[in-house]
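Peer 1: First the structure, then my questions, so here it is.
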Amino acid sequence: MKEPLHILYLSSWYPNRKDPTLGIFVKRHAEAAAEINKVTLLHACVDTDMGEGEFRIEKTEKGQFRELLVSYGASHSKIGFIRRLKNYQYKKRFYHFGLEKVLEWAGQVDLIHLHVPWPMGEIMQSLSRKLKVPYVLSEHWTGYQPEDGRYKGWLMERLTKRTARDAAFVLPVSEHLLQAMRSKGVPGNYRVVPNVVDTDLFKPLEGEQVIEKHLIHVSSLDDQQKDVSGIIAAFIEARKQAPELKLVVIGSGIDEVKL
């Protein structure tokens with residue numbers, strides 16, 4: 001039997017103190033991978049309550065899953081270009097700093113798994129070169145879809161294509177997303193790997209008669225992406241024929257109050 005790999009997970013989206021549901025599916029994916037491998041997730045993000053130059057490290061460990069979070073204060077320069085440049089430099093610096101802490105804590109890394117190439121692709125590739133290990137890329141983003149249209153701009157397209165081209169595998173979470181990425185000319189060695197679900201929690205009830213039928217929608221409450229208002233409208237129509245239906249919406253985001 002082969003020794004478990006030590007996989008370093010990185011993601012452009014990940015839960016944090018300000019947005020605890022952001023990219024929660026990435027954390028669940030990492031926890032699932034830790035069932036058969038050693039997984040360390042590294043994430044660095046801005047904390048708006050911290051001053052420039054301040055930072056905080058938080059570490060948690062459960063079984064073979066480790067999580068190292070670095071929070072830091074952002075630049076508040078009034079000159080937009082300087083602020084953006086400094087904040088990118090901070091982000092890259094704290095990822096490299098975090099990597100050193102990962103190596104001290106968990107040992108040598110065998111593989112990097114990046115979720116969502118924009119905007120983390122360049123930083124991830126610099127870590128891959130530093131470690132001299134390959135990487136795989138998972139994609140969740142809807143921006144490639146014609147209904148969305150946010151995959152545009154020279155820098156985004158160049159970085160995404162380069163990150164995908166150099167990946168050992170590109171792993172969109174659905175066949176539909178795979179086709180959308182290919183239609184935009186994103187190269188890669190493609191395989192579909194869906195998001196995960198905890199079947200200890202989400203499973204059919206056994207031997208119980210259910211009068212109410214619960215529908216649960218879990219997402220970031222961004223109506224442009226998730227069309228939660230459309231889901232609610234469709235549910236209202238469905239209840240006219242099936243009044244036993246009950247809808248539960250779980251999430252947070254920019255349209256939470258409106259919805």
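Residues in the structure tokens are numbered from 1 in each chain, the chains being A, B, ... in the order shown, and ligands are numbered from 1 in the order shown.
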Find the spatial neighbours of segment 177-194 of chain A, counting only C-alpha atoms, within a cut-off of 10 Å - ignore same-chain residues fewer than 5 positions away - and output them as a PyMOL selection string.
Peer 2: chain A and resi 29+136-146+151-152+157-158+160-172
Peer 1: Among segment 224-258 of chain A, which residues carry a DSSP assignment of strand (DSSP E or B), reported as a list in words?
Peer 2: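 DSSP-assigned strand (DSSP E or B) residues in segment 224-258 of chain A: Leu245, Lys246, Leu247, Val248, Val249 and Ile250 of chain A.
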Peer 1: If you run DSSP on the backbone here, which positions in segment 23-215 of chain A get helix (DSSP H, G or I)? Please write them as a PyMOL selection string.
Peer 2: chain A and resi 24-33+80-106+117-131+154-165+175-183
Peer 1: Quick one: residues within 8 Å of Val249 of chain A, only C-alpha atoms, excluding same-chain residues fewer than 2 positions away - as a list in words?
Peer 2: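 With the cut-off at 8 Å, the set is Ile216, His217, Val218, Leu247 and Gly251 of chain A.
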Peer 1: Pick out the residues sitting within 12 Å of Ala33 of chain A, and hand them over as a count of residues only; count only C-alpha atoms, and ignore anything fewer than 5 positions along from it in its own chain.
Peer 2: 20
Peer 1: Write out as JSON lines the residues of segment 99-139 of chain A that have any atom within 12 Å of an atom of segment 14-19 of chain A, one row each with the nearest atom pair and its distance in Å to one decimal, counting only C-alpha atoms, sorted by chain and then rising number.
Peer 2:
{"residue": "A:Leu114", "atom": "CA", "partner": "A:Tyr14", "partner_atom": "CA", "distance": 11.6}
{"residue": "A:His115", "atom": "CA", "partner": "A:Tyr14", "partner_atom": "CA", "distance": 9.5}
{"residue": "A:Val116", "atom": "CA", "partner": "A:Tyr14", "partner_atom": "CA", "distance": 10.5}
{"residue": "A:Met120", "atom": "CA", "partner": "A:Tyr14", "partner_atom": "CA", "distance": 11.8}
Peer 1: For segment 96-215 of chain A against segment 223-244 of chain A, with a cut-off of 9 Å and counting only C-alpha atoms, what is the closest atom pair and its distance in Å to one decimal for every residue that makes the cut, ordered by chain and number, as JSON lines?
Peer 2:
{"residue": "A:Thr142", "atom": "CA", "partner": "A:Gln225", "partner_atom": "CA", "distance": 7.5}
{"residue": "A:Gly143", "atom": "CA", "partner": "A:Gln225", "partner_atom": "CA", "distance": 9.0}
{"residue": "A:Asp148", "atom": "CA", "partner": "A:Gln225", "partner_atom": "CA", "distance": 7.4}
{"residue": "A:Ile211", "atom": "CA", "partner": "A:Glu244", "partner_atom": "CA", "distance": 6.7}
{"residue": "A:Glu212", "atom": "CA", "partner": "A:Glu244", "partner_atom": "CA", "distance": 4.9}
{"residue": "A:Lys213", "atom": "CA", "partner": "A:Glu244", "partner_atom": "CA", "distance": 6.0}
{"residue": "A:His214", "atom": "CA", "partner": "A:Glu244", "partner_atom": "CA", "distance": 8.5}
